[in-house]
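Visitor: Sharing data-v3.cif (mmCIF, C-alpha atoms) below.
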data_data
#
loop_
_atom_site.label_atom_id
_atom_site.label_comp_id
_atom_site.auth_asym_id
_atom_site.auth_seq_id
_atom_site.Cartn_x
_atom_site.Cartn_y
_atom_site.Cartn_z
CA MET A 13 -13.67 -17.53 14.58
CA ASN A 14 -12.45 -17.62 18.13
CA SER A 15 -14.74 -20.18 19.74
CA LYS A 16 -14.32 -18.46 23.09
CA MET A 17 -15.71 -15.19 21.72
CA ASP A 18 -19.11 -14.33 23.12
CA ASN A 19 -21.69 -13.69 20.44
CA PRO A 20 -24.37 -11.78 22.38
CA PHE A 21 -25.84 -10.13 19.27
CA GLY A 22 -25.64 -13.18 17.05
CA LYS A 23 -23.72 -11.15 14.46
CA ILE A 24 -20.52 -13.16 14.42
CA ALA A 25 -20.86 -15.81 11.74
CA THR A 26 -18.96 -18.05 9.36
CA LEU A 27 -18.29 -17.40 5.69
CA LYS A 28 -20.74 -20.19 4.88
CA GLN A 29 -23.49 -18.46 6.87
CA ALA A 30 -22.63 -15.15 5.20
CA MET A 31 -22.96 -16.71 1.76
CA GLU A 32 -26.60 -17.59 2.44
CA HIS A 33 -27.32 -13.91 1.81
CA PHE A 34 -25.96 -14.00 -1.74
CA HIS A 35 -28.02 -14.89 -4.78
CA ASP A 36 -27.93 -14.46 -8.55
CA GLY A 37 -29.01 -11.06 -9.84
CA MET A 38 -28.54 -9.27 -6.54
CA THR A 39 -27.18 -5.76 -6.11
CA LEU A 40 -23.92 -5.92 -4.22
CA MET A 41 -21.94 -2.99 -2.92
CA PHE A 42 -18.29 -3.50 -2.04
CA GLY A 43 -15.74 -1.49 -0.12
CA GLY A 44 -12.24 -0.94 -1.45
CA PHE A 45 -10.13 1.28 -3.66
CA GLY A 46 -7.97 -0.50 -6.24
CA GLY A 47 -8.54 -3.68 -4.23
CA VAL A 48 -7.11 -2.13 -1.05
CA GLY A 49 -9.71 -2.64 1.66
CA SER A 50 -11.83 -5.13 -0.27
CA PRO A 51 -12.87 -8.25 1.71
CA PRO A 52 -10.94 -11.19 0.24
CA CYS A 53 -12.83 -14.12 1.82
CA LEU A 54 -16.27 -12.81 0.87
CA ILE A 55 -15.06 -12.22 -2.69
CA ASP A 56 -13.79 -15.80 -2.89
CA GLY A 57 -17.09 -16.96 -1.41
CA ILE A 58 -18.94 -15.32 -4.31
CA LEU A 59 -16.73 -17.20 -6.76
CA GLU A 60 -17.07 -20.52 -4.97
CA LYS A 61 -20.84 -20.27 -4.73
CA ASN A 62 -20.94 -19.34 -8.43
CA ILE A 63 -23.08 -16.23 -7.88
CA LYS A 64 -23.92 -14.64 -11.26
CA ASN A 65 -25.60 -11.64 -12.89
CA LEU A 66 -24.47 -9.33 -10.13
CA VAL A 67 -25.05 -5.60 -10.16
CA LEU A 68 -21.91 -4.30 -8.47
CA ILE A 69 -21.46 -0.87 -6.91
CA GLY A 70 -18.06 0.33 -5.80
CA ASN A 71 -15.23 2.74 -6.47
CA ASP A 72 -13.54 0.75 -9.23
CA THR A 73 -13.22 -2.73 -10.74
CA GLY A 74 -9.90 -3.55 -9.07
CA PHE A 75 -7.35 -5.48 -11.05
CA PRO A 76 -8.12 -8.73 -12.94
CA GLU A 77 -6.98 -10.88 -10.00
CA ILE A 78 -7.25 -8.33 -7.17
CA GLY A 79 -10.32 -7.39 -5.15
CA ILE A 80 -13.72 -7.35 -6.83
CA GLY A 81 -11.82 -7.66 -10.11
CA LYS A 82 -11.76 -11.42 -9.57
CA VAL A 83 -15.56 -11.50 -9.77
CA ILE A 84 -15.72 -9.21 -12.79
CA SER A 85 -12.94 -10.99 -14.71
CA ARG A 86 -14.89 -14.23 -14.44
CA GLY A 87 -17.95 -12.67 -16.02
CA ARG A 88 -20.08 -12.82 -12.89
CA ALA A 89 -21.35 -9.23 -13.09
CA LYS A 90 -23.91 -7.91 -15.55
CA LYS A 91 -23.56 -4.30 -14.49
CA VAL A 92 -21.16 -2.20 -12.50
CA ILE A 93 -21.51 1.34 -11.16
CA ALA A 94 -17.98 2.67 -10.62
CA SER A 95 -15.74 5.69 -11.14
CA HIS A 96 -13.17 3.88 -13.22
CA ILE A 97 -12.29 0.49 -14.66
CA GLY A 98 -8.87 1.35 -16.07
CA SER A 99 -6.86 -0.99 -13.84
CA ASN A 100 -8.91 -4.00 -14.94
CA PRO A 101 -8.51 -4.51 -18.71
CA VAL A 102 -10.87 -7.50 -18.59
CA ALA A 103 -13.66 -5.20 -17.43
CA GLY A 104 -12.94 -2.95 -20.42
CA GLU A 105 -13.06 -5.91 -22.81
CA LEU A 106 -16.34 -7.18 -21.36
CA MET A 107 -17.80 -3.68 -21.66
CA THR A 108 -16.67 -3.40 -25.30
CA GLN A 109 -18.16 -6.83 -26.04
CA GLY A 110 -21.47 -5.71 -24.54
CA LYS A 111 -21.24 -8.31 -21.77
CA LEU A 112 -20.87 -5.78 -18.95
CA GLU A 113 -22.89 -2.62 -18.56
CA VAL A 114 -20.87 0.14 -16.91
CA GLU A 115 -22.32 3.26 -15.33
CA PHE A 116 -19.54 5.76 -14.67
CA SER A 117 -19.89 8.27 -11.89
CA PRO A 118 -17.23 10.82 -10.91
CA GLN A 119 -15.41 9.39 -7.91
CA GLY A 120 -16.46 11.98 -5.35
CA THR A 121 -20.01 11.98 -6.65
CA LEU A 122 -20.12 8.19 -6.43
CA THR A 123 -18.94 8.14 -2.82
CA GLU A 124 -21.47 10.82 -1.97
CA ARG A 125 -24.26 8.83 -3.71
CA ILE A 126 -23.29 5.84 -1.58
CA ARG A 127 -23.20 7.97 1.53
CA ALA A 128 -26.60 9.46 0.67
CA GLY A 129 -28.07 5.98 0.29
CA GLY A 130 -26.53 4.95 3.58
CA MET A 131 -27.83 8.07 5.29
CA GLY A 132 -31.36 7.44 4.09
CA LEU A 133 -31.36 10.28 1.55
CA GLY A 134 -32.80 10.03 -1.95
CA ALA A 135 -30.23 12.14 -3.78
CA ILE A 136 -27.59 14.81 -3.56
CA LEU A 137 -27.05 18.03 -5.51
CA THR A 138 -23.59 18.66 -6.95
CA ASP A 139 -22.15 20.95 -9.59
CA VAL A 140 -19.42 18.44 -10.48
CA GLY A 141 -19.98 17.57 -14.12
CA VAL A 142 -23.04 19.83 -14.42
CA ASP A 143 -21.75 21.25 -17.72
CA HIS A 144 -20.27 17.94 -18.80
CA GLU A 145 -22.21 16.19 -21.55
CA PHE A 146 -21.28 12.64 -20.52
CA VAL A 147 -21.87 13.13 -16.80
CA SER A 148 -25.05 15.20 -17.02
CA LYS A 149 -26.75 13.09 -19.72
CA ASP A 150 -30.23 11.92 -18.68
CA LYS A 151 -29.90 13.53 -15.26
CA ARG A 152 -32.23 16.09 -13.81
CA LYS A 153 -30.79 19.54 -13.24
CA MET A 154 -31.85 21.90 -10.52
CA ASN A 155 -31.25 25.61 -10.21
CA LEU A 156 -30.89 26.63 -6.62
CA ASN A 157 -29.96 30.14 -5.48
CA GLY A 158 -28.87 30.95 -9.01
CA LYS A 159 -26.57 27.98 -9.40
CA ASP A 160 -27.03 24.84 -11.49
CA TYR A 161 -26.71 21.46 -9.88
CA LEU A 162 -27.09 17.87 -10.99
CA VAL A 163 -29.44 15.65 -9.06
CA GLU A 164 -27.39 12.54 -8.33
CA THR A 165 -29.39 9.66 -6.91
CA GLY A 166 -28.48 7.89 -3.69
CA LEU A 167 -27.37 4.28 -3.90
CA THR A 168 -28.19 1.31 -1.70
CA ALA A 169 -27.69 -2.42 -2.21
CA ASP A 170 -29.20 -5.75 -1.21
CA VAL A 171 -25.92 -6.60 0.47
CA SER A 172 -22.82 -4.55 1.29
CA ILE A 173 -19.48 -6.18 1.95
CA VAL A 174 -16.68 -4.36 3.74
CA TYR A 175 -13.26 -5.04 5.16
CA ALA A 176 -12.28 -3.89 8.63
CA LYS A 177 -9.18 -4.05 10.77
CA LYS A 178 -11.17 -4.79 13.92
CA ALA A 179 -14.78 -5.61 14.67
CA ASP A 180 -16.45 -6.27 17.99
CA PRO A 181 -19.44 -8.60 18.47
CA TYR A 182 -21.88 -5.72 17.91
CA GLY A 183 -20.25 -4.99 14.54
CA ASN A 184 -18.55 -1.77 15.58
CA LEU A 185 -15.75 -1.29 13.08
CA VAL A 186 -12.29 0.19 12.97
CA PHE A 187 -10.44 0.31 9.66
CA ASP A 188 -6.81 0.11 8.65
CA LYS A 189 -5.16 3.27 7.31
CA SER A 190 -6.03 3.85 3.65
CA ALA A 191 -7.99 0.58 3.60
CA ARG A 192 -10.75 2.65 5.18
CA ASN A 193 -11.49 4.38 1.83
CA THR A 194 -15.10 3.64 0.81
CA ASN A 195 -15.74 1.02 3.51
CA PRO A 196 -17.55 3.20 6.10
CA LEU A 197 -19.83 4.55 3.35
CA VAL A 198 -20.54 1.16 1.81
CA ALA A 199 -21.24 -0.27 5.27
CA MET A 200 -24.11 2.20 5.75
CA ALA A 201 -25.65 1.63 2.32
CA GLY A 202 -26.31 -2.09 2.50
CA ASN A 203 -29.78 -3.42 3.31
CA PHE A 204 -27.72 -6.21 4.86
CA THR A 205 -24.10 -5.42 5.66
CA ILE A 206 -21.41 -8.01 6.17
CA ALA A 207 -18.03 -7.00 7.59
CA GLU A 208 -14.98 -9.19 7.13
CA ALA A 209 -12.60 -8.36 9.95
CA GLU A 210 -8.94 -9.05 10.35
CA GLU A 211 -9.52 -9.29 14.08
CA ILE A 212 -12.69 -9.82 16.11
CA VAL A 213 -12.21 -8.28 19.54
CA PRO A 214 -14.30 -8.61 22.71
CA LEU A 215 -17.18 -6.26 23.36
CA GLY A 216 -15.93 -3.21 25.22
CA SER A 217 -12.36 -3.42 24.00
CA LEU A 218 -12.84 -0.74 21.33
CA ASP A 219 -12.88 2.79 22.66
CA PRO A 220 -16.25 4.30 21.66
CA GLU A 221 -14.30 7.37 20.49
CA GLU A 222 -12.26 5.37 17.98
CA ILE A 223 -15.13 3.47 16.34
CA VAL A 224 -15.55 4.64 12.74
CA THR A 225 -18.62 2.63 11.78
CA PRO A 226 -21.17 2.05 14.55
CA GLY A 227 -22.36 -1.56 14.67
CA VAL A 228 -25.90 -0.35 14.07
CA PHE A 229 -25.07 -0.46 10.36
CA VAL A 230 -23.46 -3.92 10.48
CA ASP A 231 -25.58 -7.07 10.39
CA MET A 232 -22.91 -9.74 10.29
CA VAL A 233 -19.23 -10.08 11.10
CA ILE A 234 -16.98 -12.82 9.76
CA PRO A 235 -13.29 -13.40 10.42
CA SER A 236 -10.87 -12.70 7.57
CA GLU A 237 -8.09 -14.99 6.48
CA GLY A 238 -6.31 -12.06 4.86
CA VAL A 239 -5.51 -11.11 1.33
CA ASN A 240 -4.64 -14.01 -0.96
CA TRP A 241 -3.85 -12.05 -4.10
CA LYS A 242 -0.58 -10.54 -5.28
CA TRP A 243 -0.59 -6.74 -5.34
CA ALA A 244 0.38 -4.91 -8.53
CA TRP A 245 3.37 -3.36 -6.76
CA GLU A 246 4.73 -6.71 -5.51
CA MET B 21 20.14 17.33 -23.30
CA GLY B 22 23.51 17.87 -21.69
CA MET B 23 24.61 16.61 -18.31
CA GLY B 24 21.63 17.84 -16.28
CA ILE B 25 18.69 15.95 -14.87
CA ASP B 26 16.42 13.99 -17.20
CA VAL B 27 13.48 15.64 -18.92
CA ARG B 28 10.80 14.17 -16.66
CA ASN B 29 12.59 15.44 -13.58
CA LYS B 30 13.11 18.87 -15.14
CA MET B 31 9.37 19.12 -15.63
CA ALA B 32 8.73 17.86 -12.09
CA LYS B 33 11.27 20.32 -10.68
CA ARG B 34 9.55 23.22 -12.40
CA ALA B 35 6.14 22.07 -11.15
CA ALA B 36 7.57 21.85 -7.63
CA GLU B 37 8.17 25.61 -7.77
CA GLU B 38 4.38 26.03 -7.62
CA ILE B 39 4.29 24.51 -4.15
CA SER B 40 4.83 26.57 -1.04
CA SER B 41 4.78 25.79 2.66
CA GLY B 42 1.39 25.03 4.17
CA MET B 43 -0.26 23.92 0.94
CA VAL B 44 -2.49 20.88 0.46
CA VAL B 45 -1.48 19.26 -2.83
CA ASN B 46 -2.88 16.37 -4.85
CA LEU B 47 -0.58 14.68 -7.34
CA GLY B 48 -1.67 12.60 -10.30
CA ILE B 49 0.11 9.48 -11.49
CA GLY B 50 3.15 9.55 -13.82
CA ILE B 51 5.46 12.56 -13.94
CA PRO B 52 3.54 14.42 -11.17
CA SER B 53 4.59 11.68 -8.74
CA LEU B 54 8.20 12.87 -9.17
CA VAL B 55 7.40 16.36 -7.88
CA PRO B 56 8.03 15.71 -4.14
CA ASN B 57 11.64 14.74 -4.94
CA HIS B 58 12.24 18.38 -5.85
CA LEU B 59 10.94 20.03 -2.69
CA PRO B 60 13.17 21.23 0.13
CA ASN B 61 13.12 18.85 3.09
CA ASP B 62 11.94 21.51 5.50
CA MET B 63 8.85 22.45 3.50
CA ASN B 64 5.58 21.61 5.22
CA VAL B 65 3.31 20.32 2.49
CA MET B 66 0.34 18.03 3.00
CA PHE B 67 -0.04 15.61 0.10
CA HIS B 68 -3.64 14.53 -0.35
CA ALA B 69 -4.92 11.27 -1.84
CA GLU B 70 -8.49 10.72 -3.03
CA ASN B 71 -8.84 7.38 -1.28
CA GLY B 72 -8.49 9.16 2.06
CA ILE B 73 -5.03 10.28 3.17
CA VAL B 74 -3.71 13.72 4.02
CA GLY B 75 -0.02 13.90 4.76
CA MET B 76 1.63 11.31 2.56
CA GLY B 77 5.39 10.95 2.69
CA GLU B 78 7.89 9.12 0.54
CA SER B 79 7.53 5.66 -0.91
CA PRO B 80 8.49 3.00 1.64
CA VAL B 81 11.78 1.16 1.42
CA LYS B 82 11.38 -2.12 -0.45
CA GLY B 83 10.26 -4.80 1.96
CA HIS B 84 8.58 -2.27 4.25
CA GLU B 85 5.42 -1.75 2.20
CA ASP B 86 2.07 -1.83 4.01
CA GLU B 87 -0.66 -3.25 1.77
CA ASN B 88 -3.22 -1.13 3.61
CA LEU B 89 -1.34 2.13 3.16
CA CYS B 90 -1.46 3.02 -0.51
CA ASN B 91 -2.08 6.14 -2.58
CA ALA B 92 -4.99 6.53 -5.00
CA GLY B 93 -2.94 4.80 -7.69
CA GLY B 94 -2.63 1.73 -5.46
CA PHE B 95 1.05 2.12 -4.68
CA PRO B 96 2.44 1.89 -1.14
CA VAL B 97 3.22 5.17 0.58
CA THR B 98 4.22 6.35 4.03
CA VAL B 99 2.71 9.08 6.17
CA LEU B 100 4.32 12.03 7.90
CA PRO B 101 3.67 13.54 11.34
CA GLY B 102 0.36 15.39 11.23
CA SER B 103 -1.18 13.03 8.69
CA SER B 104 -4.72 11.73 8.89
CA TYR B 105 -6.92 9.09 7.31
CA CYS B 106 -10.51 9.64 6.27
CA ASP B 107 -13.09 7.93 4.10
CA SER B 108 -13.19 8.72 0.40
CA ALA B 109 -16.29 10.90 0.68
CA VAL B 110 -14.47 13.19 3.12
CA ALA B 111 -11.40 13.18 0.84
CA PHE B 112 -13.61 14.53 -1.96
CA GLY B 113 -15.28 16.98 0.39
CA MET B 114 -11.83 18.51 0.84
CA ILE B 115 -11.55 18.87 -2.94
CA ARG B 116 -15.04 20.26 -3.58
CA ARG B 117 -14.79 22.62 -0.65
CA GLY B 118 -11.67 24.25 -2.08
CA ARG B 119 -9.32 22.95 0.58
CA VAL B 120 -6.96 21.41 -1.95
CA ASP B 121 -4.71 24.26 -3.02
CA LEU B 122 -3.11 22.65 -6.03
CA THR B 123 -3.43 19.58 -8.18
CA ILE B 124 -0.69 18.56 -10.57
CA LEU B 125 -1.86 16.11 -13.19
CA GLY B 126 -1.08 14.66 -16.58
CA SER B 127 -3.17 15.34 -19.67
CA LEU B 128 -3.77 14.27 -23.25
CA GLN B 129 -4.71 17.76 -24.47
CA VAL B 130 -5.13 21.26 -23.11
CA ASN B 131 -6.63 24.12 -25.07
CA LYS B 132 -5.80 27.80 -24.97
CA ASN B 133 -8.72 28.58 -22.65
CA GLY B 134 -7.61 26.01 -20.13
CA ASP B 135 -9.96 23.20 -21.12
CA LEU B 136 -8.59 19.87 -19.94
CA ALA B 137 -8.97 16.57 -21.81
CA ASN B 138 -7.38 13.73 -19.90
CA TRP B 139 -9.92 10.98 -19.34
CA ILE B 140 -10.77 9.27 -22.60
CA VAL B 141 -9.21 8.31 -25.94
CA PRO B 142 -12.10 7.68 -28.36
CA GLY B 143 -12.05 4.25 -29.94
CA LYS B 144 -9.58 3.05 -27.36
CA LYS B 145 -9.88 2.40 -23.71
CA VAL B 146 -12.66 3.98 -21.69
CA PRO B 147 -11.15 3.88 -18.25
CA GLY B 148 -13.63 6.16 -16.51
CA MET B 149 -13.01 9.54 -14.99
CA GLY B 150 -12.04 8.44 -11.50
CA GLY B 151 -11.53 11.59 -9.45
CA ALA B 152 -10.22 13.71 -12.32
CA MET B 153 -13.37 15.80 -12.75
CA GLU B 154 -13.55 16.88 -9.12
CA LEU B 155 -9.84 17.71 -9.07
CA ALA B 156 -9.97 19.64 -12.35
CA GLN B 157 -13.14 21.52 -11.48
CA LYS B 158 -12.55 22.12 -7.78
CA ALA B 159 -8.86 22.27 -6.86
CA ARG B 160 -7.89 25.90 -6.33
CA ARG B 161 -5.15 25.67 -8.94
CA VAL B 162 -4.67 23.10 -11.67
CA ALA B 163 -1.21 22.53 -13.11
CA VAL B 164 -0.73 20.15 -16.02
CA LEU B 165 2.50 18.27 -16.60
CA MET B 166 2.63 16.71 -20.04
CA ASN B 167 4.85 16.24 -23.07
CA HIS B 168 4.51 19.07 -25.57
CA THR B 169 3.56 16.67 -28.35
CA ASP B 170 2.05 13.19 -28.45
CA LYS B 171 3.97 10.14 -29.60
CA ASN B 172 3.10 10.92 -33.23
CA GLY B 173 4.45 14.44 -32.88
CA ASN B 174 1.03 16.12 -32.74
CA PRO B 175 0.76 19.19 -30.51
CA LYS B 176 -1.08 18.61 -27.24
CA ILE B 177 -1.70 22.31 -26.64
CA VAL B 178 -4.47 23.10 -29.09
CA ASP B 179 -7.00 25.68 -30.18
CA SER B 180 -9.89 23.43 -29.27
CA CYS B 181 -9.62 19.98 -27.72
CA THR B 182 -10.56 17.17 -30.11
CA LEU B 183 -10.72 14.68 -27.24
CA PRO B 184 -13.61 14.60 -24.77
CA LEU B 185 -13.17 17.19 -22.03
CA THR B 186 -12.64 16.38 -18.40
CA ALA B 187 -13.54 19.92 -17.37
CA SER B 188 -13.55 23.30 -19.09
CA ASN B 189 -11.62 26.47 -18.20
CA CYS B 190 -9.83 24.84 -15.33
CA VAL B 191 -6.11 24.73 -16.16
CA ASP B 192 -3.91 27.48 -14.71
CA LEU B 193 -0.45 26.30 -15.71
CA VAL B 194 1.00 23.90 -18.28
CA VAL B 195 4.53 22.57 -17.92
CA THR B 196 5.84 20.64 -20.92
CA ASP B 197 9.26 19.34 -21.86
CA LEU B 198 9.76 22.54 -23.88
CA ALA B 199 8.03 25.35 -22.06
CA VAL B 200 5.78 26.70 -19.34
CA PHE B 201 2.48 28.36 -20.21
CA LYS B 202 0.21 30.31 -17.92
CA ILE B 203 -3.49 30.55 -18.58
CA ILE B 204 -4.86 33.79 -17.21
CA ASP B 205 -8.41 34.95 -17.91
CA ARG B 206 -8.77 32.23 -20.51
CA SER B 207 -5.75 33.32 -22.51
CA LEU B 208 -2.56 31.38 -23.03
CA ILE B 209 0.78 33.01 -22.27
CA LEU B 210 4.20 31.54 -22.94
CA ALA B 211 5.94 32.46 -19.70
CA GLU B 212 9.06 30.32 -19.65
CA ARG B 213 11.08 28.12 -21.96
CA PHE B 214 13.43 25.31 -21.21
CA ALA B 215 16.92 25.75 -22.66
CA PRO B 216 17.83 25.17 -25.40
CA TYR B 217 14.40 25.41 -27.05
CA THR B 218 13.65 28.61 -28.94
CA ILE B 219 10.35 30.44 -29.11
CA ALA B 220 10.21 29.48 -32.80
CA GLU B 221 10.54 25.77 -31.96
CA ILE B 222 7.89 26.03 -29.27
CA THR B 223 5.55 27.93 -31.59
CA ALA B 224 5.98 25.31 -34.31
CA LYS B 225 4.88 22.57 -31.92
CA THR B 226 1.92 24.42 -30.43
CA ALA B 227 -1.40 24.31 -32.28
CA CYS B 228 -2.88 27.60 -31.16
CA ASP B 229 -2.11 31.27 -30.77
CA PHE B 230 -0.54 32.48 -27.56
CA SER B 231 1.06 35.63 -26.25
CA ILE B 232 4.63 35.76 -25.05
CA ALA B 233 5.59 37.20 -21.70
CA GLU B 234 7.88 40.22 -22.05
CA ASP B 235 10.22 38.92 -19.41
CA ILE B 236 10.21 35.31 -20.59
CA ARG B 237 12.27 33.14 -18.29
CA VAL B 238 14.78 30.64 -19.59
CA ILE B 239 15.01 27.55 -17.40
CA ASP B 240 18.35 25.82 -17.43
CA TYR B 241 18.40 23.36 -14.54
#
Written as structure tokens, how would this file's structure read?

Guide:
Amino acid sequence: MNSKMDNPFGKIATLKQAMEHFHDGMTLMFGGFGGVGSPPCLIDGILEKNIKNLVLIGNDTGFPEIGIGKVISRGRAKKVIASHIGSNPVAGELMTQGKLEVEFSPQGTLTERIRAGGMGLGAILTDVGVDHEFVSKDKRKMNLNGKDYLVETGLTADVSIVYAKKADPYGNLVFDKSARNTNPLVAMAGNFTIAEAEEIVPLGSLDPEEIVTPGVFVDMVIPSEGVNWKWAWE
Amino acid sequence: MGMGIDVRNKMAKRAAEEISSGMVVNLGIGIPSLVPNHLPNDMNVMFHAENGIVGMGESPVKGHEDENLCNAGGFPVTVLPGSSYCDSAVAFGMIRRGRVDLTILGSLQVNKNGDLANWIVPGKKVPGMGGAMELAQKARRVAVLMNHTDKNGNPKIVDSCTLPLTASNCVDLVVTDLAVFKIIDRSLILAERFAPYTIAEITAKTACDFSIAEDIRVIDY
């Protein structure tokens, strides 16, 4: 953290301070898509603090050593709500062994459930998967204007962690290209939201028109040290 | 196979014929990712990615990858003039709202009604559906690119899918290494065949009835 940076809202913090909000058994929502846009320092903080029995909510389980995959591969999660786990074979093995409960949600439905939670809504109605046995199982159906919909519940979490390109001291966030992905949605859905930012910029230096996530949704900002994993394509 | 392009690229080239200027197109992983190589340079197509990109261009030159600019498969891409980024919820809004004109994806099985089974192999990996259900159910057109038979020689175009479905009655076109089938009003039509395969060979490797277009096209790229 830049020691010269003003901290008028008290949101700028260290990784150590951020980790005080993590505990065993918590529900944790994470931004990222295949590890792209997942916050690397916060993920390492979870490992270092030995947080266990997590309920994780996010697009996917990353790769074994990329993104949230690092947490899952080390057996730190008891349940994950995701759209796919295919890029992390360890997640598949843990699921087969009964050590990891997985709730699959179609990708667009999952992002909309997260958005609903973040927007203060209880559920959404969608016809995606309405005739699909696996997707519609144990879900309430609703007929509206002659059409069948599934009731898909909104999702929130004790803590949300996101990765941003820039944050200001109020927690206003700007993302980086496709690393935006689920981050703005996840940021809204946390009861306590921590943003890990590549750059923390002075208040007033972000154009209000360019801010993607208003700082209202962000409780804490920590500086990022960047990605420390090797991408699959490298 | 003669001196022409390899089989995967023949399939991709045929699928590319489905794309016209102004379309929004989502490509799956595998052979579909070869499709853009077969489009004319001056064609204005917006390639869509579920993570939140519209307007993807070619893969970057090695050494110029941007770790924060990747497609839904996690591989680095570039963007073209007119491109935009959005969050994943908006990317799926585009799909559900019918703004994605065409999706080209791989599959494990397709049946004669256009049912698609491409997300699970029972007893093996359960990878999850990702965005396949939205794309299959909501893209305006669904084209499948897949080998005609599986690695054991079993037909992948079947009377009724034995694998769990991704979505029903959604496939419009199937391009295999042997032939091109159209599915119109839930009935399967052999519309084109790749040289040198004969209708008899194609029939022998297809596990359901189909009709044959009167003016069947022979593709000889």

Visitor: Would you kindly return, as a compact mmCIF listing (two decimals) with C-alpha atoms, in the coordinates of the input, each protein, DNA or RNA residue with an atom no farther than 8 Å from any atom of Leu100 in chain B, considering all atoms listed in the file and excluding same-chain residues fewer than 5 positions away?

Guide:
# COMPACT_ATOMS: atom_id res chain seq x y z
CA GLY B 75 -0.02 13.90 4.76
CA MET B 76 1.63 11.31 2.56
CA GLY B 77 5.39 10.95 2.69

Visitor: What is the distance between CA of Pro52 in chain A and CA of Pro80 in chain B, in Å to one decimal?

Guide: 24.1 Å

Visitor: Carefully work through the PyMOL selection byres ((chain A and resi 94-109) around 9) for this structure and note down the residues it includes, as an MDAnalysis selection string.

Guide: (chainID A and resid 46 68:77 81 84:87 92:93 110:122) or (chainID B and resid 145:151)

Visitor: Convert the output of the PyMOL selection byres ((chain B and resi 182-188) around 7) on the shown file into explicit residues, formatted as a list in words.

Guide: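 Applied to this file, the PyMOL selection byres ((chain B and resi 182-188) around 7) returns Gly134, Asp135, Leu136, Ala137, Asn138, Trp139, Ile140, Val141, Met153, Ala156, Gln157, Ser180, Cys181, Asn189 and Cys190 of chain B.
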
Visitor: Which residues, named as in the file, does the PyMOL selection byres ((chain A and resi 182) around 8) pick out? Answer as a PDB file with C-alpha atoms, in the coordinates of the input.

Guide:
ATOM      1  CA  PRO A  20     -24.370 -11.780  22.380  1.00  0.00           C
ATOM      2  CA  PHE A  21     -25.840 -10.130  19.270  1.00  0.00           C
ATOM      3  CA  LYS A  23     -23.720 -11.150  14.460  1.00  0.00           C
ATOM      4  CA  ALA A 179     -14.780  -5.610  14.670  1.00  0.00           C
ATOM      5  CA  ASP A 180     -16.450  -6.270  17.990  1.00  0.00           C
ATOM      6  CA  PRO A 181     -19.440  -8.600  18.470  1.00  0.00           C
ATOM      7  CA  GLY A 183     -20.250  -4.990  14.540  1.00  0.00           C
ATOM      8  CA  ASN A 184     -18.550  -1.770  15.580  1.00  0.00           C
ATOM      9  CA  LEU A 215     -17.180  -6.260  23.360  1.00  0.00           C
ATOM     10  CA  GLY A 227     -22.360  -1.560  14.670  1.00  0.00           C
ATOM     11  CA  VAL A 228     -25.900  -0.350  14.070  1.00  0.00           C
ATOM     12  CA  VAL A 230     -23.460  -3.920  10.480  1.00  0.00           C
TER      13      VAL A 230
END

Visitor: Residues of chain B within 10 Å of chain A, counting only C-alpha atoms, what are they? List them as JSON, numbers by chain.

Guide: {"B": [69, 70, 71, 72, 73, 82, 83, 85, 86, 87, 88, 89, 90, 91, 92, 93, 94, 95, 96, 97, 99, 104, 105, 106, 107, 108, 109, 110, 111, 112, 113, 115, 116, 139, 144, 145, 146, 147, 148, 149, 150, 151, 152, 153, 154, 155, 156, 157, 158, 184, 185, 186, 187, 188]}

Visitor: For the atom pair CA of Leu47 in chain B and CA of Ser79 in chain B, what is the interatomic distance in Å to one decimal place?

Guide: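 About the pair CA of Leu47 in chain B and CA of Ser79 in chain B: they are 13.7 Å apart.
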
Visitor: Could you check which residues have any atom within 8 Å of (-27.3, -5.1, -8.8), counting all atoms listed in the file with coordinates taken straight from the file, and then list them as a list of chain:residue names?

Guide: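 Nearby residues: A:Gly37, A:Met38, A:Thr39, A:Leu40, A:Asn65, A:Leu66, A:Val67, A:Leu68, A:Ile69, A:Lys91, A:Val92, A:Ala169, A:Asp170.
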
Visitor: CA of Ala36 in chain B and CA of His58 in chain B are how many Å apart?

Guide: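 Interatomic distance here is 6.1 Å.
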
Visitor: Set the distance at 7 Å and use all atoms listed in the file: which residues neighbour Arg237 in chain B once local chain neighbours fewer than 3 positions away are removed? I'd like the list as a count of residues only.

Guide: 3

Visitor: Between B:Leu122, B:Ile51, B:Met31, B:Ile203, which one has atoms that come closest to His68 in chain B, using all atoms listed in the file?

Guide: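 Nearest candidate to His68 in chain B out of B:Leu122, B:Ile51, B:Met31, B:Ile203: B:Leu122.
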
Visitor: From the set B:Phe230, B:Tyr217, B:Phe67, B:Phe201, which residue has the shortest atom-to-atom contact distance to Asp179 in chain B, counting all atoms listed in the file?

Guide: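 Between B:Phe230, B:Tyr217, B:Phe67, B:Phe201, the residue approaching Asp179 in chain B most closely is B:Phe230.
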
Visitor: For Ala220 in chain B, which residue among B:Leu59, B:Val27, B:Ile232, B:Val191 is the nearest when counting all atoms listed in the file?

Guide: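 Selected residue with least distance to Ala220 in chain B: B:Ile232.
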
Visitor: Please provide as a PDB file with C-alpha atoms, keeping the file's coordinate frame all residues within 6 Å of Lys153 in chain A, with the sequence filter that same-chain residues fewer than 3 positions apart are discarded (counting all atoms listed in the file).

Guide:
ATOM      1  CA  TYR A 161     -26.710  21.460  -9.880  1.00  0.00           C
ATOM      2  CA  LEU A 162     -27.090  17.870 -10.990  1.00  0.00           C
ATOM      3  CA  VAL A 163     -29.440  15.650  -9.060  1.00  0.00           C
TER       4      VAL A 163
END
